[in-house]
Amino acid sequence: MTPSLILHEALRHPSTIGTLGTRQWNALIRVARAEMLMATLGERAAGTDVPDKARLLLDEARAAARRNHDAARFEVLRMADALRDSGIPVVLMKGSAYLMALLPPLPGRNIGDLDIMVPRESLADTERALKGAGWLSVKPRGTYDDAYYRQWMHELPPLAHEMRGGVIDLHHTILPLTARLTPRPERIFEHAVRPAALAPGGETDALPDNIFVMSPPEMLLHSATHLAYDGDFQGGARNLWDIDRLVRHFAKAEGFWDELTIAAAAHDLTVPLARALRLAEALYETPSPPSVRGRGDIVDRLALRKLRGHDEYGQGAAPGAQFLLFLRGHWLRMPPLMLARHLWTKWRARRGEGRREAPQNAR
């Protein structure tokens, strides 16, 4: 069993880690760290027979994840305060949504930037309110990067808090405007729900009335799309674990699969959903109807080579597959001529920066 498969098996069936030898444990720890699944592994392994040194590492990772959740919750609450009186509907995305709705992907999950989504026509007002509360754009206005974000991307340039450094990614849809698929952001707002509606027992942090999370079908669709459109499937094992947890949780509701297929068709996301479900089944035995999952293809095979390709040191061992997936990612994100112009502009900008730095380095 390869090191990546050891990790996938440990997450699926934590009781199996009791049979691992020292070398396998070393490989498991390294791959779990590389995939940002160390704390998740620790949560899954809680209560199982684990070597003392491994238990120490796993407990440290779990403690770090709890601190991360506290910091992420603080940022969500500060953002909510900044937009409380704006009248703008705000949808929490990805890790922040799992956190505030207490959803199954949360235990051990690291939460990075605070991802939120507002209607496109409310972007300027939202950005202005956040800047008034201390979040400033990391891209200077008037630069190529700033203009590209604002014209073509699904989000504005990141906003970093001037004191705390916490970053908000302000979205208005879930895919770049140059992408070949065209989801409907207005449908996400129409079906959005309050975090407490999904939380166990309906209990969660008190949030203003304008703070929402996506409906279960669209939350799963967003996670699937984020995975399928990530060019080289970097972090794919963690994203697929999110999908596995969401599927097993949401599918308990009667009619979920019908609602999901309707939403996927409405958003033009049937293909990325099917791919994500196939890959989740391959890694974690995630259950889903064959009619929704569909049949595998060459991209699935390349992705699985990447996802299963870590060596015992946690390094990727499928460079060919990774390169082809990288090219595919760019192909999906924008038309070829636009991609060529974008890469040419970025290359010229970096070359210019290098020339300006050269005389200073020579002094």
# chains A, B, ... in the order shown; residues from 1 in each chain; ligands from 1
call {"tool": "select_by_dssp", "arguments": {"residues": "range 56-252 of chain A", "states": "strand (DSSP E or B)", "output": "ChimeraX atom specification"}}
result
/A:90-92,114-117,135-137,155,159-161,167-171,193,211-213
call {"tool": "select_by_dssp", "arguments": {"residues": "range 174-225 of chain A", "states": "alpha helix (DSSP H)", "output": "PyMOL selection string"}}
result
chain A and resi 185-191+195-198+216-225
call {"tool": "atom_distance", "arguments": {"atom1": "CA of Ala65 in chain A", "atom2": "CA of Arg109 in chain A"}}
result
6.6 Å
call {"tool": "closest_residue", "arguments": {"among": "A:Leu136, A:Val90, A:Ala321, A:Ala101", "to": "Ala196 in chain A", "atoms": "only C-alpha atoms"}}
result
A:Ala101
call {"tool": "residues_around", "arguments": {"residues": "range 185-188 of chain A", "least_positions_apart": "5", "cutoff": "8 Å", "atoms": "only C-alpha atoms", "output": "PDB file with C-alpha atoms, in the first residue's frame"}}
result
ATOM      1  CA  PRO A 119     -24.249  40.008  -5.089  1.00  0.00           C
ATOM      2  CA  HIS A 172     -19.551  37.509  -6.366  1.00  0.00           C
ATOM      3  CA  THR A 173     -19.762  34.052  -8.009  1.00  0.00           C
ATOM      4  CA  ILE A 174     -17.977  30.697  -7.731  1.00  0.00           C
ATOM      5  CA  MET A 214     -25.288  27.968   0.924  1.00  0.00           C
ATOM      6  CA  SER A 215     -28.081  25.433   0.792  1.00  0.00           C
ATOM      7  CA  GLU A 218     -25.153  24.216  -3.544  1.00  0.00           C
TER       8      GLU A 218
END
